[in-house]
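Novice: Take a look at the following structure, please.
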Amino acid sequence: MKTIAITLVTLFLSLTSSFGQTSKDSLLVFIGEKIEVKYIPQKSSSDTTILGKDTVITVGLKLDNRYRAKYKILQVINGSFRQDTITFTAYDHYGEPAFSKFKTVLLFVTPQKGELYHEKYQYFDLYLTADNKWASPYSRRYTNDYYKDKITIRPEKILFKEEVSSPISHLSEDQRKTMFPKPYFDIKNGNAIAIYGNYVDDLIKLQKQTN
């Protein structure tokens, strides 16, 4: 008798607007302040089948990492949510979700079968402006050639309450020009300082046009 092992790779595809399955009414968009984002291990599934004299063992592996996120809701932009904190599940192929690196973010969440799921890779990091509004620095979505004919929103000059900057000394000259182009950023003392960006209303339009 032979034992045959078959490995099946399972990639979690969240039911999000990225796949045309989320309506405007069901999409929850909010400004949130991070409380915690925790990794949640997933069990690999397995099944054993007897085929004549052979035993076939099928093992399913998960390609996406699962996280449980908890955020304080600062403002609901679209949808309805009555609590002041929200907990949702996020899946990310590359590891810890990028949005978890920032204190305040504009997030997009979808309800599915009684659970809330983050719209995969959809977020904008937010910062207060001098006039106490929320805005995000110039988005790299503008540099994606695939979307250039779809985007009607344009970045505008924004005076942030505190400097919003990113270190760039580890980047090559070409990377700096691509990731932090002028005049949208001011390059000074090894940092790219945000000069242009978008307010929340335009960020939502930008998300729709690049999704």
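Residue names in the structure tokens use chain letters A, B, ... in the order shown, residue numbers from 1 in each chain, and ligand numbers from 1 in the order shown.
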Compile the contact shell of A:Lys101 as a list in words: residues with an atom at most 10 Å away, counting only C-alpha atoms, same-chain residues fewer than 5 positions apart removed.

Specialist: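 Here the answer would be Lys34, Val37, Glu96 and Asp125 of chain A.
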
Novice: Taking N, CA and C atoms for each residue, export the selection above as a PDB file, in the first residue's frame.

Specialist:
```
ATOM      1  N   LYS A  34      -6.118  53.128  16.225  1.00  0.00           N
ATOM      2  CA  LYS A  34      -5.695  51.771  16.562  1.00  0.00           C
ATOM      3  C   LYS A  34      -5.697  51.507  18.065  1.00  0.00           C
ATOM      4  N   VAL A  37      -3.892  45.155  17.019  1.00  0.00           N
ATOM      5  CA  VAL A  37      -4.000  44.267  15.865  1.00  0.00           C
ATOM      6  C   VAL A  37      -3.215  43.012  16.211  1.00  0.00           C
ATOM      7  N   GLU A  96       1.834  41.273   8.547  1.00  0.00           N
ATOM      8  CA  GLU A  96       1.007  42.208   9.303  1.00  0.00           C
ATOM      9  C   GLU A  96       0.434  43.275   8.376  1.00  0.00           C
ATOM     10  N   ASP A 125      -3.669  56.260   5.595  1.00  0.00           N
ATOM     11  CA  ASP A 125      -3.221  56.796   6.880  1.00  0.00           C
ATOM     12  C   ASP A 125      -3.608  58.268   6.950  1.00  0.00           C
TER      13      ASP A 125
END
```

Novice: Which polymer residues have any atom within 9 Å of an atom of A:Tyr196, counting only C-alpha atoms, with same-chain residues fewer than 6 positions away left out, as a list in words?

Specialist: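 So the residues in contact are Ser136, Pro137, Tyr138, Pro155, Glu156, Lys157, Ile158, Leu159, Pro183, Tyr184 and Phe185 of chain A.
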
Novice: Can you work out the spacing between atom CA of A:Asn78 and atom CA of A:Asn211 in Å, to one decimal?

Specialist: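 Calculated distance between atom CA of A:Asn78 and atom CA of A:Asn211 is 16.8 Å.
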
Novice: Go through A:Gln75, A:Asn189, A:Thr152, A:Ser100 one by one, measure the shortest atom-to-atom distance of each to A:Gln122 using only C-alpha atoms, and give the residue with the smallest value.

Specialist: A:Ser100

Novice: Determine, counting only C-alpha atoms, which protein, DNA and RNA residues have an atom within 8 Å of an atom of A:Tyr127; residues of the same chain fewer than 2 positions away are not included. Present the result as a list in words.

Specialist: Thr104, Asp125, Thr129, Trp134, Ala135, Ser136, Phe160, Lys161 and Val164 of chain A

Novice: Show which residues sit within 10 Å of A:Lys182, as a short mmCIF file (atom, residue, chain, number, x, y, z; two decimals) with N, CA and C atoms, in the first residue's frame. Count only C-alpha atoms, and ignore same-chain residues fewer than 6 positions away.

Specialist:
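Result file follows (out.cif):
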```cif
data_model
loop_
_atom_site.label_atom_id
_atom_site.label_comp_id
_atom_site.auth_asym_id
_atom_site.auth_seq_id
_atom_site.Cartn_x
_atom_site.Cartn_y
_atom_site.Cartn_z
N ARG A 176 13.32 57.11 -4.67
CA ARG A 176 12.86 58.37 -4.08
C ARG A 176 11.97 59.13 -5.05
N ALA A 192 11.29 62.72 3.43
CA ALA A 192 10.34 63.23 2.45
C ALA A 192 9.16 63.80 3.23
N ALA A 194 5.55 65.59 3.48
CA ALA A 194 4.32 65.70 2.70
C ALA A 194 3.90 67.15 2.55
N ILE A 195 3.69 67.57 1.29
CA ILE A 195 3.22 68.92 0.98
C ILE A 195 1.81 68.86 0.39
N TYR A 196 1.55 67.81 -0.38
CA TYR A 196 0.24 67.62 -1.02
C TYR A 196 -0.44 66.39 -0.43
#
```

Novice: Name the closest residue to A:Asn144 among the candidates A:Gly197, A:Gln83, A:Tyr117, A:Gln209; distances are taken between atoms, counting only C-alpha atoms.

Specialist: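 Nearest candidate to A:Asn144 out of A:Gly197, A:Gln83, A:Tyr117, A:Gln209: A:Gln209.
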
Novice: Restricting the calculation to only C-alpha atoms: of A:Arg141, A:Lys148, A:Lys70, A:Lys205, which residue gets closest to A:Glu33?

Specialist: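 Of A:Arg141, A:Lys148, A:Lys70, A:Lys205, the one nearest A:Glu33, counting only C-alpha atoms, is A:Lys70.
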
Novice: Could you go through stretch 5-207 of chain A and tell me which residues DSSP, when run on the backbone, assigns to helix (DSSP H, G or I), listing them as a list in words?

Specialist: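 Listing helix (DSSP H, G or I) positions across stretch 5-207 of chain A yields Ser17, Ser18, Phe19, Ala98, Phe99, Ser100, Lys101, Arg140, Arg141, Tyr142, Thr143, Asp145, Tyr146, Tyr147, Glu173, Asp174, Gln175, Arg176, Lys177, Thr178, Met179, Val200, Asp201, Asp202, Leu203, Ile204, Lys205, Leu206 and Gln207 of chain A.
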
Novice: Which one is closest to A:Tyr123: A:Leu203, A:Leu171, A:Met179, A:Ala69? Count only C-alpha atoms.

Specialist: A:Leu203

Novice: Using only C-alpha atoms, which residue out of A:Asn198, A:Thr178, A:Asn65, A:Gln112 lies closest to A:Tyr91?

Specialist: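 Among the listed residues, the smallest separation from A:Tyr91 belongs to A:Asn65.
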
Novice: Could you give me, as a CSV table (one decimal) with C-alpha atoms, in the first residue's frame, the residues within 8 Å of A:Thr210, counting only C-alpha atoms and dropping anything in the same chain fewer than 5 positions from it?

Specialist:
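Wrote it out as around-v1.csv, contents follow:
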```csv
chain,number,residue,atom,x,y,z
A,141,ARG,CA,-2.2,55.3,-6.3
A,147,TYR,CA,-5.4,53.9,-13.0
A,150,LYS,CA,-9.6,56.5,-14.3
A,151,ILE,CA,-8.6,59.0,-11.7
```

Novice: For atom CA of A:Ala90 and atom CA of A:Tyr71, quote the distance in Å rounded to one decimal.

Specialist: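 These two atoms are separated by 12.4 Å.
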